[in-house]
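Printed here is upload.pdb (PDB, C-alpha atoms):
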ATOM      1  CA  MET Y  17       0.000   0.000   0.000
ATOM      2  CA  PHE Y  18       1.176   3.509  -0.711
ATOM      3  CA  GLY Y  19      -0.286   6.962  -0.236
ATOM      4  CA  SER Y  20      -1.171   9.678  -2.731
ATOM      5  CA  LYS Y  21       2.147  11.446  -2.168
ATOM      6  CA  GLU Y  22       4.157   8.366  -3.088
ATOM      7  CA  LEU Y  23       1.969   7.797  -6.150
ATOM      8  CA  MET Y  24       2.348  11.359  -7.406
ATOM      9  CA  ASP Y  25       6.079  11.426  -6.675
ATOM     10  CA  THR Y  26       6.434   8.325  -8.844
ATOM     11  CA  VAL Y  27       4.320   9.809 -11.634
ATOM     12  CA  TRP Y  28       6.262  13.111 -11.592
ATOM     13  CA  SER Y  29       9.523  11.219 -11.556
ATOM     14  CA  ALA Y  30       8.463   9.064 -14.556
ATOM     15  CA  ILE Y  31       7.401  12.150 -16.542
ATOM     16  CA  SER Y  32      10.626  14.005 -15.695
ATOM     17  CA  LYS Y  33      12.727  10.985 -16.694
ATOM     18  CA  LEU Y  34      11.034  10.650 -20.082
ATOM     19  CA  TYR Y  35      10.377  14.287 -21.017
ATOM     20  CA  GLY Y  36      12.578  16.353 -18.699
ATOM     21  CA  GLU Y  37      11.464  19.164 -16.398
ATOM     22  CA  HIS Y  38      10.437  21.325 -19.342
ATOM     23  CA  GLY Y  39       8.117  18.607 -20.656
ATOM     24  CA  ALA Y  40       6.775  17.830 -17.186
ATOM     25  CA  SER Y  41       5.885  21.485 -16.658
ATOM     26  CA  ARG Y  42       3.607  21.354 -19.721
ATOM     27  CA  THR Y  43       1.462  18.459 -18.485
ATOM     28  CA  GLY Y  44      -0.508  20.390 -15.838
ATOM     29  CA  LEU Y  45      -0.574  17.227 -13.748
ATOM     30  CA  THR Y  46      -2.871  17.318 -10.671
ATOM     31  CA  LEU Y  47      -4.232  14.538  -8.500
ATOM     32  CA  ILE Y  48      -8.016  14.874  -8.196
ATOM     33  CA  SER Y  49      -8.733  11.852  -6.014
ATOM     34  CA  TYR Y  50      -7.088   8.690  -4.829
ATOM     35  CA  ASP Y  51      -8.706   5.641  -3.258
ATOM     36  CA  MET Y  52      -6.021   3.611  -1.545
ATOM     37  CA  GLU Y  53      -8.300   0.608  -0.921
ATOM     38  CA  LYS Y  54      -9.510   0.303  -4.497
ATOM     39  CA  ARG Y  55      -6.127   1.361  -5.895
ATOM     40  CA  PHE Y  56      -7.884   3.880  -8.108
ATOM     41  CA  ALA Y  57      -6.820   7.441  -8.854
ATOM     42  CA  VAL Y  58      -8.176  10.306 -10.936
ATOM     43  CA  ILE Y  59      -5.507  12.536 -12.449
ATOM     44  CA  ARG Y  60      -6.059  15.771 -14.361
ATOM     45  CA  VAL Y  61      -3.745  16.687 -17.246
ATOM     46  CA  VAL Y  62      -3.791  19.230 -20.049
ATOM     47  CA  HIS Y  63      -5.509  17.563 -23.030
ATOM     48  CA  THR Y  64      -2.463  18.093 -25.248
ATOM     49  CA  ALA Y  65      -0.350  16.089 -22.797
ATOM     50  CA  VAL Y  66      -2.578  12.999 -22.517
ATOM     51  CA  GLU Y  67      -0.274  10.788 -24.596
ATOM     52  CA  MET Y  68       2.806  12.030 -22.731
ATOM     53  CA  VAL Y  69       1.261  11.145 -19.392
ATOM     54  CA  ARG Y  70      -0.053   7.834 -20.717
ATOM     55  CA  SER Y  71       3.455   6.780 -21.787
ATOM     56  CA  ALA Y  72       4.965   8.015 -18.519
ATOM     57  CA  LEU Y  73       2.402   6.000 -16.528
ATOM     58  CA  ALA Y  74       3.154   2.945 -18.678
ATOM     59  CA  SER Y  75       6.863   3.315 -17.913
ATOM     60  CA  ILE Y  76       6.310   3.000 -14.148
ATOM     61  CA  THR Y  77       7.560  -0.368 -12.915
ATOM     62  CA  LYS Y  78       8.076   0.408  -9.207
ATOM     63  CA  ILE Y  79       6.455   2.521  -6.514
ATOM     64  CA  GLN Y  80       8.589   2.984  -3.409
ATOM     65  CA  ASP Y  81      10.938   0.269  -4.642
ATOM     66  CA  LYS Y  82       8.132  -2.274  -4.817
ATOM     67  CA  PRO Y  83       7.153  -3.752  -8.224
ATOM     68  CA  ALA Y  84       4.010  -2.022  -9.500
ATOM     69  CA  ALA Y  85       2.144  -1.192 -12.702
ATOM     70  CA  VAL Y  86      -0.190   1.713 -13.468
ATOM     71  CA  HIS Y  87      -2.884   1.329 -16.135
ATOM     72  CA  VAL Y  88      -5.128   3.998 -17.650
ATOM     73  CA  LEU Y  89      -8.758   2.911 -17.310
ATOM     74  CA  THR Y  90     -10.307   5.729 -19.300
ATOM     75  CA  VAL Y  91      -9.757   9.299 -20.420
ATOM     76  CA  SER Y  92     -12.476  11.927 -20.482
ATOM     77  CA  GLY Y  93     -12.927  15.676 -20.931
ATOM     78  CA  THR Y  94     -14.887  16.227 -17.717
ATOM     79  CA  ILE Y  95     -14.830  14.520 -14.349
ATOM     80  CA  ARG Y  96     -18.596  13.896 -14.519
ATOM     81  CA  ALA Y  97     -18.264  12.073 -17.845
ATOM     82  CA  LEU Y  98     -15.265  10.195 -16.501
ATOM     83  CA  TYR Y  99     -17.213   8.679 -13.591
ATOM     84  CA  LYS Y 100     -20.115   7.928 -15.920
ATOM     85  CA  LYS Y 101     -17.756   6.054 -18.268
ATOM     86  CA  ILE Y 102     -16.223   4.062 -15.422
ATOM     87  CA  LYS Y 103     -19.633   3.050 -14.044
ATOM     88  CA  THR Y 104     -20.826   1.705 -17.400
TER
ATOM     89  CA  MET M  20     -15.716  -2.221 -36.186
ATOM     90  CA  ARG M  21     -13.786  -3.042 -33.015
ATOM     91  CA  ARG M  22     -10.045  -3.283 -33.363
ATOM     92  CA  THR M  23      -8.306  -6.577 -32.602
ATOM     93  CA  TYR M  24      -5.241  -5.961 -30.506
ATOM     94  CA  ALA M  25      -2.399  -8.444 -30.563
ATOM     95  CA  ASP M  26       0.763  -9.095 -28.604
ATOM     96  CA  LEU M  27       2.910 -11.460 -30.635
ATOM     97  CA  HIS M  28       5.649 -11.864 -28.051
ATOM     98  CA  LEU M  29       4.572 -12.984 -24.605
ATOM     99  CA  CYS M  30       7.327 -14.967 -22.919
ATOM    100  CA  PRO M  31       5.985 -16.774 -19.847
ATOM    101  CA  ASN M  32       7.977 -19.568 -18.269
ATOM    102  CA  LEU M  33       6.396 -22.582 -19.965
ATOM    103  CA  ARG M  34       7.435 -24.866 -17.106
ATOM    104  CA  ASP M  35       5.253 -22.842 -14.721
ATOM    105  CA  PHE M  36       1.756 -23.414 -16.063
ATOM    106  CA  GLU M  37       0.215 -21.235 -13.309
ATOM    107  CA  GLN M  38       2.191 -18.260 -14.541
ATOM    108  CA  VAL M  39       1.271 -18.961 -18.158
ATOM    109  CA  SER M  40      -2.371 -19.046 -17.128
ATOM    110  CA  ARG M  41      -2.064 -15.764 -15.179
ATOM    111  CA  MET M  42      -0.391 -14.039 -18.125
ATOM    112  CA  VAL M  43      -3.017 -15.246 -20.588
ATOM    113  CA  ASP M  44      -5.765 -14.015 -18.220
ATOM    114  CA  LYS M  45      -4.074 -10.665 -17.860
ATOM    115  CA  ALA M  46      -3.628 -10.315 -21.628
ATOM    116  CA  SER M  47      -7.359 -10.857 -21.994
ATOM    117  CA  THR M  48      -8.133  -8.298 -19.238
ATOM    118  CA  LEU M  49      -5.851  -5.736 -20.858
ATOM    119  CA  GLY M  50      -7.811  -6.001 -24.102
ATOM    120  CA  TYR M  51      -5.750  -8.332 -26.291
ATOM    121  CA  ARG M  52      -7.654 -10.752 -28.513
ATOM    122  CA  LEU M  53      -4.631 -12.435 -30.074
ATOM    123  CA  ILE M  54      -1.349 -13.489 -28.492
ATOM    124  CA  ALA M  55       1.664 -15.508 -29.537
ATOM    125  CA  ILE M  56       3.965 -17.391 -27.212
ATOM    126  CA  PRO M  57       7.361 -18.494 -28.538
ATOM    127  CA  LEU M  58       7.771 -22.229 -28.131
ATOM    128  CA  PRO M  59      11.149 -23.867 -27.750
ATOM    129  CA  LEU M  60      11.488 -26.790 -30.159
ATOM    130  CA  LYS M  61      11.576 -29.292 -27.308
ATOM    131  CA  GLN M  62       8.238 -27.998 -26.007
ATOM    132  CA  ALA M  63       6.441 -27.644 -29.330
ATOM    133  CA  GLY M  64       3.938 -30.254 -28.106
ATOM    134  CA  GLU M  65       2.709 -27.782 -25.475
ATOM    135  CA  ILE M  66       0.808 -25.836 -28.117
ATOM    136  CA  GLU M  67      -2.421 -27.848 -27.755
ATOM    137  CA  ARG M  68      -2.447 -27.378 -23.980
ATOM    138  CA  LEU M  69      -1.887 -23.638 -24.450
ATOM    139  CA  ARG M  70      -4.633 -23.488 -27.092
ATOM    140  CA  ASP M  71      -7.113 -25.034 -24.643
ATOM    141  CA  LEU M  72      -6.113 -22.535 -21.982
ATOM    142  CA  CYS M  73      -6.550 -19.638 -24.389
ATOM    143  CA  LYS M  74      -9.899 -20.964 -25.577
ATOM    144  CA  GLU M  75     -11.172 -20.767 -21.981
ATOM    145  CA  THR M  76     -10.205 -17.094 -21.775
ATOM    146  CA  LYS M  77     -11.584 -16.407 -25.282
ATOM    147  CA  ILE M  78      -8.248 -15.317 -26.655
ATOM    148  CA  ASP M  79      -6.674 -16.496 -29.892
ATOM    149  CA  LEU M  80      -3.231 -18.111 -29.699
ATOM    150  CA  ALA M  81      -0.715 -18.252 -32.515
ATOM    151  CA  SER M  82       2.267 -20.588 -32.455
ATOM    152  CA  ARG M  83       5.604 -18.829 -32.749
ATOM    153  CA  LEU M  84       9.176 -19.959 -33.191
ATOM    154  CA  ASP M  85      12.135 -17.708 -32.403
ATOM    155  CA  LEU M  86      15.222 -18.587 -34.409
ATOM    156  CA  LYS M  87      18.696 -17.475 -33.349
ATOM    157  CA  PRO M  88      20.893 -18.805 -36.141
ATOM    158  CA  ARG M  89      24.640 -18.177 -36.163
ATOM    159  CA  THR M  90      24.979 -18.322 -39.933
ATOM    160  CA  ALA M  91      22.785 -17.635 -42.950
ATOM    161  CA  ASP M  92      22.963 -21.336 -43.909
ATOM    162  CA  GLU M  93      21.710 -22.376 -40.495
ATOM    163  CA  LEU M  94      18.802 -19.976 -40.930
ATOM    164  CA  THR M  95      17.741 -21.413 -44.310
ATOM    165  CA  ARG M  96      18.091 -24.957 -42.950
ATOM    166  CA  ASN M  97      15.881 -24.134 -39.958
ATOM    167  CA  LEU M  98      13.315 -22.400 -42.139
ATOM    168  CA  ARG M  99      13.095 -25.438 -44.398
ATOM    169  CA  MET M 100      12.465 -27.657 -41.375
ATOM    170  CA  PHE M 101      10.089 -25.526 -39.321
ATOM    171  CA  ARG M 102       8.263 -23.038 -41.549
ATOM    172  CA  ARG M 103       5.180 -25.174 -42.017
ATOM    173  CA  LYS M 104       4.957 -26.099 -38.333
ATOM    174  CA  PHE M 105       4.578 -22.595 -36.867
ATOM    175  CA  GLU M 106       2.311 -19.657 -37.615
ATOM    176  CA  ILE M 107       5.000 -17.070 -36.930
ATOM    177  CA  ILE M 108       8.726 -17.301 -37.473
ATOM    178  CA  ALA M 109      10.818 -14.561 -35.889
ATOM    179  CA  VAL M 110      14.547 -14.251 -36.397
ATOM    180  CA  MET M 111      16.822 -12.712 -33.804
ATOM    181  CA  CYS M 112      19.484 -11.136 -36.018
ATOM    182  CA  GLU M 113      22.774 -11.280 -34.180
ATOM    183  CA  SER M 114      25.052 -10.925 -37.194
ATOM    184  CA  LYS M 115      24.853  -8.906 -40.366
ATOM    185  CA  ASN M 116      24.817 -11.968 -42.651
ATOM    186  CA  VAL M 117      21.899 -13.486 -40.765
ATOM    187  CA  ALA M 118      20.059 -10.153 -40.778
ATOM    188  CA  ARG M 119      20.418  -9.781 -44.551
ATOM    189  CA  GLN M 120      19.377 -13.386 -45.230
ATOM    190  CA  ALA M 121      16.374 -13.069 -42.895
ATOM    191  CA  ALA M 122      15.283  -9.816 -44.512
ATOM    192  CA  LYS M 123      15.249 -11.237 -48.023
ATOM    193  CA  ASP M 124      13.667 -14.588 -47.168
ATOM    194  CA  ARG M 125       9.888 -14.544 -47.599
ATOM    195  CA  ARG M 126       9.499 -17.338 -45.055
ATOM    196  CA  VAL M 127      10.567 -15.004 -42.234
ATOM    197  CA  ASP M 128       7.786 -12.958 -40.651
ATOM    198  CA  LEU M 129       9.539 -10.856 -38.042
ATOM    199  CA  LEU M 130      12.987  -9.354 -37.772
ATOM    200  CA  ASN M 131      14.168  -8.783 -34.237
ATOM    201  CA  PHE M 132      17.394  -7.108 -33.119
ATOM    202  CA  PRO M 133      19.203  -7.324 -29.774
ATOM    203  CA  SER M 134      18.154  -4.495 -27.458
ATOM    204  CA  PHE M 135      21.425  -4.219 -25.615
ATOM    205  CA  GLY M 136      24.050  -4.515 -28.335
ATOM    206  CA  PHE M 137      23.603  -1.185 -30.082
ATOM    207  CA  ARG M 138      26.311  -2.044 -32.597
ATOM    208  CA  ARG M 139      24.433  -5.193 -33.520
ATOM    209  CA  ARG M 140      21.254  -3.434 -34.629
ATOM    210  CA  PHE M 141      21.609  -3.976 -38.352
ATOM    211  CA  PHE M 142      18.347  -2.412 -39.470
ATOM    212  CA  ASP M 143      19.707   0.100 -41.971
ATOM    213  CA  GLU M 144      18.576   1.207 -45.448
ATOM    214  CA  ALA M 145      19.888  -1.947 -47.189
ATOM    215  CA  GLU M 146      18.160  -4.196 -44.668
ATOM    216  CA  ALA M 147      14.914  -2.225 -44.966
ATOM    217  CA  GLU M 148      14.935  -2.452 -48.750
ATOM    218  CA  LEU M 149      15.274  -6.237 -48.600
ATOM    219  CA  ALA M 150      12.619  -6.522 -45.888
ATOM    220  CA  SER M 151      10.237  -4.334 -47.835
ATOM    221  CA  SER M 152      10.383  -6.499 -50.955
ATOM    222  CA  ALA M 153      10.103  -9.754 -48.962
ATOM    223  CA  LEU M 154       7.103  -8.481 -46.903
ATOM    224  CA  THR M 155       8.989  -9.008 -43.650
ATOM    225  CA  PHE M 156       7.986  -6.993 -40.595
ATOM    226  CA  LEU M 157      10.236  -5.250 -38.081
ATOM    227  CA  GLU M 158       9.435  -6.273 -34.515
ATOM    228  CA  ILE M 159      10.127  -3.920 -31.625
ATOM    229  CA  ASN M 160       9.995  -5.302 -28.107
ATOM    230  CA  MET M 161       8.931  -2.838 -25.424
ATOM    231  CA  LYS M 162      10.368  -4.671 -22.440
ATOM    232  CA  PRO M 163      13.786  -2.953 -22.572
ATOM    233  CA  LEU M 164      12.074   0.453 -22.587
ATOM    234  CA  LEU M 165      10.432  -0.456 -19.290
ATOM    235  CA  THR M 166      13.384  -2.119 -17.623
ATOM    236  CA  LEU M 167      16.311   0.021 -18.772
ATOM    237  CA  GLU M 168      17.110   3.381 -17.233
ATOM    238  CA  GLY M 169      19.369   6.350 -17.840
ATOM    239  CA  PRO M 170      21.897   6.468 -20.705
ATOM    240  CA  THR M 171      21.176   2.903 -21.907
ATOM    241  CA  ARG M 172      17.496   3.749 -22.413
ATOM    242  CA  VAL M 173      18.446   7.020 -24.104
ATOM    243  CA  ARG M 174      20.722   5.136 -26.511
ATOM    244  CA  LEU M 175      18.027   2.534 -27.195
ATOM    245  CA  LEU M 176      15.458   5.256 -27.909
ATOM    246  CA  SER M 177      17.855   6.896 -30.307
ATOM    247  CA  SER M 178      18.449   3.584 -32.179
ATOM    248  CA  LEU M 179      14.714   2.901 -32.324
ATOM    249  CA  ARG M 180      14.033   6.409 -33.651
ATOM    250  CA  ARG M 181      16.542   5.873 -36.459
ATOM    251  CA  GLU M 182      15.125   2.416 -37.264
ATOM    252  CA  THR M 183      11.501   3.550 -37.353
ATOM    253  CA  ASN M 184      12.446   6.393 -39.696
ATOM    254  CA  VAL M 185      14.196   3.934 -42.023
ATOM    255  CA  ALA M 186      11.212   1.554 -41.804
ATOM    256  CA  LYS M 187       8.827   4.387 -42.672
ATOM    257  CA  GLU M 188      10.969   5.464 -45.607
ATOM    258  CA  PHE M 189      11.049   1.939 -47.091
ATOM    259  CA  ARG M 190       7.497   1.056 -46.041
ATOM    260  CA  VAL M 191       8.486  -1.813 -43.791
ATOM    261  CA  PRO M 192       5.552  -2.495 -41.448
ATOM    262  CA  ILE M 193       6.352  -2.390 -37.735
ATOM    263  CA  VAL M 194       4.985  -4.739 -35.088
ATOM    264  CA  ILE M 195       5.146  -3.672 -31.463
ATOM    265  CA  SER M 196       5.257  -6.510 -28.948
ATOM    266  CA  SER M 197       5.780  -6.573 -25.223
ATOM    267  CA  GLY M 198       8.431  -9.327 -25.008
ATOM    268  CA  VAL M 199       7.801  -9.631 -21.269
ATOM    269  CA  SER M 200       7.994 -12.655 -19.023
ATOM    270  CA  ASP M 201       6.435 -10.992 -15.966
ATOM    271  CA  GLU M 202       2.759  -9.995 -15.600
ATOM    272  CA  LEU M 203       3.642  -6.713 -13.927
ATOM    273  CA  LEU M 204       5.406  -5.582 -17.080
ATOM    274  CA  MET M 205       2.394  -6.256 -19.305
ATOM    275  CA  ARG M 206       0.774  -3.101 -20.670
ATOM    276  CA  LYS M 207      -2.460  -2.250 -22.487
ATOM    277  CA  PRO M 208      -2.177  -1.945 -26.283
ATOM    278  CA  ARG M 209      -2.817   1.816 -26.108
ATOM    279  CA  GLU M 210      -0.076   2.137 -23.518
ATOM    280  CA  LEU M 211       2.397   0.299 -25.747
ATOM    281  CA  ALA M 212       1.366   2.598 -28.592
ATOM    282  CA  SER M 213       1.961   5.692 -26.469
ATOM    283  CA  LEU M 214       5.394   4.356 -25.467
ATOM    284  CA  ALA M 215       6.138   3.938 -29.175
ATOM    285  CA  GLN M 216       5.596   7.667 -29.606
ATOM    286  CA  LEU M 217       8.785   8.132 -27.599
ATOM    287  CA  PHE M 218      10.694   7.099 -30.708
ATOM    288  CA  ASP M 219       8.644   9.309 -33.008
ATOM    289  CA  LEU M 220       6.184   6.743 -34.290
ATOM    290  CA  ASP M 221       2.995   8.719 -34.918
ATOM    291  CA  GLU M 222      -0.167   7.730 -33.058
ATOM    292  CA  ALA M 223      -1.958   6.092 -36.014
ATOM    293  CA  SER M 224       1.089   4.002 -37.011
ATOM    294  CA  ALA M 225       1.707   3.020 -33.387
ATOM    295  CA  ILE M 226      -1.857   1.758 -33.011
ATOM    296  CA  GLU M 227      -1.573  -0.155 -36.296
ATOM    297  CA  ALA M 228       1.638  -1.711 -34.968
ATOM    298  CA  VAL M 229      -0.296  -3.313 -32.096
ATOM    299  CA  SER M 230      -3.414  -4.187 -34.065
ATOM    300  CA  LYS M 231      -3.592  -4.225 -37.874
ATOM    301  CA  ASN M 232       0.001  -5.304 -38.626
ATOM    302  CA  PRO M 233       0.284  -8.314 -36.287
ATOM    303  CA  VAL M 234      -3.219  -9.473 -37.222
ATOM    304  CA  ALA M 235      -2.260  -9.246 -40.925
ATOM    305  CA  ILE M 236       0.712 -11.596 -40.392
ATOM    306  CA  ILE M 237      -1.416 -14.196 -38.661
ATOM    307  CA  LYS M 238      -4.181 -13.957 -41.254
ATOM    308  CA  ARG M 239      -1.703 -14.312 -44.130
ATOM    309  CA  ASN M 240       0.118 -17.255 -42.550
ATOM    310  CA  ARG M 241      -3.025 -19.104 -41.545
ATOM    311  CA  GLN M 242      -4.194 -18.883 -45.135
ATOM    312  CA  LYS M 243      -0.839 -20.189 -46.342
ATOM    313  CA  LEU M 244      -0.784 -23.057 -43.843
ATOM    314  CA  ASP M 245      -4.294 -24.102 -44.810
ATOM    315  CA  SER M 246      -4.355 -27.357 -46.786
ATOM    316  CA  ARG M 247      -6.553 -25.728 -49.459
ATOM    317  CA  PHE M 248      -4.047 -22.938 -50.154
ATOM    318  CA  VAL M 249      -2.440 -23.013 -53.604
ATOM    319  CA  ALA M 250      -1.070 -19.491 -54.148
ATOM    320  CA  PRO M 251      -2.059 -16.000 -52.942
ATOM    321  CA  GLY M 252      -5.650 -15.530 -54.162
ATOM    322  CA  VAL M 253      -5.971 -19.151 -55.318
ATOM    323  CA  ARG M 254      -7.359 -21.911 -53.109
ATOM    324  CA  ILE M 255      -9.067 -25.239 -53.566
ATOM    325  CA  ILE M 256     -12.833 -24.961 -53.121
ATOM    326  CA  ARG M 257     -13.852 -28.522 -53.933
ATOM    327  CA  ARG M 258     -12.104 -31.778 -54.830
ATOM    328  CA  GLY M 259     -13.615 -34.407 -57.069
ATOM    329  CA  LYS M 260     -13.645 -36.058 -60.455
ATOM    330  CA  ASP M 261     -15.991 -33.509 -62.044
ATOM    331  CA  CYS M 262     -13.890 -30.459 -61.078
TER
END
Before anything else, please render the file you have as structure tokens.
Amino acid sequence: MFGSKELMDTVWSAISKLYGEHGASRTGLTLISYDMEKRFAVIRVVHTAVEMVRSALASITKIQDKPAAVHVLTVSGTIRALYKKIKT
Amino acid sequence: MRRTYADLHLCPNLRDFEQVSRMVDKASTLGYRLIAIPLPLKQAGEIERLRDLCKETKIDLASRLDLKPRTADELTRNLRMFRRKFEIIAVMCESKNVARQAAKDRRVDLLNFPSFGFRRRFFDEAEAELASSALTFLEINMKPLLTLEGPTRVRLLSSLRRETNVAKEFRVPIVISSGVSDELLMRKPRELASLAQLFDLDEASAIEAVSKNPVAIIKRNRQKLDSRFVAPGVRIIRRGKDC
């Protein structure tokens, strides 16, 4: 188990490794919510950086030195539509 | 129409059937509808057991053989022996002679190059020209992109960028595979496609490399391996005295 801080540190680190600090600054990455029990997080990014963040998330193999994988469930323009998509 | 996503290079430990089963399940969960598992020659009999397992998870399995010949002669000898027994033949090109022979031989489906030896990646213009006329595909494994770090990954990305540009120029189709032997390294097809954008493969081509291109190889080879196949576009419909 890991908290939201550890998750976001890993995500920022993956983006910085792949695209550098300049690239990372253009993603507008923000954590909206994180459910530790369900291992489910909602992350906001600038729409032009979706593919960048998707590849950075795919490149994560460890969180806090423990083997882990992060998968994108769905992408949506609004949070309301996002939850609707996940429920269906 | 829904896209069929394929991962033509899943490498579970075939001695651990539990792990094979977990990886097949995960491939299905991640959205793959077609997978290929390379079979060592000694375990070629395992294919039926794997097919049954895949049938349960509603995923299509293709048989694959990875050849690592030392000489061009060894490659042609192996192709003569095994081509009709496997749906996919991939060649790991570890020398220039083998790479050139594999690229011009129509019986080879996939060309694969070592991820770590950057001087042994022989996919240049001459190789691409041969591959293009023999309808051979370039396979890129994503595992090293996930496991390598720092300067080695940078160097690999740079080699892959050069190779994809050459492939594009000579119209050699690219197949993106995972090449992983651990479930935690398995990724969704869209995620593999987005990783491919790191070496300048555009989004549409990257998605084709995990869907249309691998499916095309399997379709073509299944037609060829069919007993009714005569030549491309010609097949036996009916046998009998009045035909």
Q: May I have the residues within 10 Å of Thr171 (chain M) as a ChimeraX atom specification, using only C-alpha atoms and disregarding those fewer than 5 positions away in the same chain?
A: /M:134-135,137,163-164,176-177
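For the choices M:Asn32, M:Asn184, M:Ser213, M:Asn97, the atom-to-atom distance to Ala72 (chain Y) is smallest for M:Ser213 when using all atoms listed in the file.
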Could you write out as a short mmCIF file (atom, residue, chain, number, x, y, z; two decimals) with C-alpha atoms, in the frame of the given file the residues of chain M within 12 Å of chain Y, counting all atoms listed in the file?
data_model
loop_
_atom_site.label_atom_id
_atom_site.label_comp_id
_atom_site.auth_asym_id
_atom_site.auth_seq_id
_atom_site.Cartn_x
_atom_site.Cartn_y
_atom_site.Cartn_z
CA THR M 48 -8.13 -8.30 -19.24
CA LEU M 49 -5.85 -5.74 -20.86
CA GLY M 50 -7.81 -6.00 -24.10
CA MET M 161 8.93 -2.84 -25.42
CA LYS M 162 10.37 -4.67 -22.44
CA PRO M 163 13.79 -2.95 -22.57
CA LEU M 164 12.07 0.45 -22.59
CA LEU M 165 10.43 -0.46 -19.29
CA THR M 166 13.38 -2.12 -17.62
CA LEU M 167 16.31 0.02 -18.77
CA GLU M 168 17.11 3.38 -17.23
CA GLY M 169 19.37 6.35 -17.84
CA PRO M 170 21.90 6.47 -20.70
CA ARG M 172 17.50 3.75 -22.41
CA VAL M 173 18.45 7.02 -24.10
CA LEU M 176 15.46 5.26 -27.91
CA SER M 197 5.78 -6.57 -25.22
CA ASP M 201 6.44 -10.99 -15.97
CA GLU M 202 2.76 -9.99 -15.60
CA LEU M 203 3.64 -6.71 -13.93
CA LEU M 204 5.41 -5.58 -17.08
CA MET M 205 2.39 -6.26 -19.30
CA ARG M 206 0.77 -3.10 -20.67
CA LYS M 207 -2.46 -2.25 -22.49
CA PRO M 208 -2.18 -1.94 -26.28
CA ARG M 209 -2.82 1.82 -26.11
CA GLU M 210 -0.08 2.14 -23.52
CA LEU M 211 2.40 0.30 -25.75
CA ALA M 212 1.37 2.60 -28.59
CA SER M 213 1.96 5.69 -26.47
CA LEU M 214 5.39 4.36 -25.47
CA ALA M 215 6.14 3.94 -29.18
CA GLN M 216 5.60 7.67 -29.61
CA LEU M 217 8.78 8.13 -27.60
CA PHE M 218 10.69 7.10 -30.71
CA ASP M 221 3.00 8.72 -34.92
CA GLU M 222 -0.17 7.73 -33.06
CA ALA M 225 1.71 3.02 -33.39
#
Q.
Can you tell me which residues surround Ile48 (chain Y) at a distance of at most 10 Å, considering all atoms listed in the file, apart from same-chain residues fewer than 6 positions away, and format the answer as a count of residues only?
A. 5
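Summary of the local environment: counting all atoms listed in the file, residues at most 7 Å from Lys87 (chain M), other than itself and those fewer than 4 positions away along its chain, are Val110, Met111 and Cys112 of chain M.
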Q.
Taking 4 positions as the minimum chain separation for residues in the same chain, which residues sit within 6 Å of Thr155 (chain M) when counting all atoms listed in the file? Answer as a ChimeraX atom specification.
A. /M:128-129,150
Using the selection just defined, write its residues with C-alpha atoms as an mmCIF file, keeping the file's coordinate frame.
data_model
loop_
_atom_site.group_PDB
_atom_site.id
_atom_site.type_symbol
_atom_site.label_atom_id
_atom_site.label_comp_id
_atom_site.auth_asym_id
_atom_site.auth_seq_id
_atom_site.Cartn_x
_atom_site.Cartn_y
_atom_site.Cartn_z
ATOM 1 C CA ASP M 128 7.786 -12.958 -40.651
ATOM 2 C CA LEU M 129 9.539 -10.856 -38.042
ATOM 3 C CA ALA M 150 12.619 -6.522 -45.888
#
Q: To one decimal in Å, tell me the separation between CA of Arg83 (chain M) and CA of Pro57 (chain M).
A: 4.6 Å
Could you pull the residues within 10 Å of Arg55 (chain Y), counting all atoms listed in the file, minus those fewer than 3 positions along the same chain, as an mmCIF file with C-alpha atoms, in the coordinates of the input?
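And here's result_35.cif as it stands now:
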data_model
loop_
_atom_site.group_PDB
_atom_site.id
_atom_site.type_symbol
_atom_site.label_atom_id
_atom_site.label_comp_id
_atom_site.auth_asym_id
_atom_site.auth_seq_id
_atom_site.Cartn_x
_atom_site.Cartn_y
_atom_site.Cartn_z
ATOM 1 C CA MET Y 17 0.000 0.000 0.000
ATOM 2 C CA PHE Y 18 1.176 3.509 -0.711
ATOM 3 C CA GLY Y 19 -0.286 6.962 -0.236
ATOM 4 C CA TYR Y 50 -7.088 8.690 -4.829
ATOM 5 C CA ASP Y 51 -8.706 5.641 -3.258
ATOM 6 C CA MET Y 52 -6.021 3.611 -1.545
ATOM 7 C CA VAL Y 86 -0.190 1.713 -13.468
#
Q: Using the chain letters and residue numbers of this document, give as a VMD selection string the residues selected by the PyMOL selection byres ((chain M and resi 195) around 7).
A: chain M and resid 158 to 160 193 to 194 196 to 197 228 to 229
Saved selection, atoms kept: C-alpha atoms, as a CSV table (one decimal), in the coordinates of the input:
chain,number,residue,atom,x,y,z
M,158,GLU,CA,9.4,-6.3,-34.5
M,159,ILE,CA,10.1,-3.9,-31.6
M,160,ASN,CA,10.0,-5.3,-28.1
M,193,ILE,CA,6.4,-2.4,-37.7
M,194,VAL,CA,5.0,-4.7,-35.1
M,196,SER,CA,5.3,-6.5,-28.9
M,197,SER,CA,5.8,-6.6,-25.2
M,228,ALA,CA,1.6,-1.7,-35.0
M,229,VAL,CA,-0.3,-3.3,-32.1
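Between CA of Ile108 (chain M) and CA of Ser82 (chain M) the separation is 8.8 Å.
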Q: Quick one: apply the PyMOL selection byres ((chain M and resi 240-255) around 12) to the file and drop the selected residues here as a ChimeraX atom specification.
A: /M:80-83,102-108,125-128,233-239,256-259,262
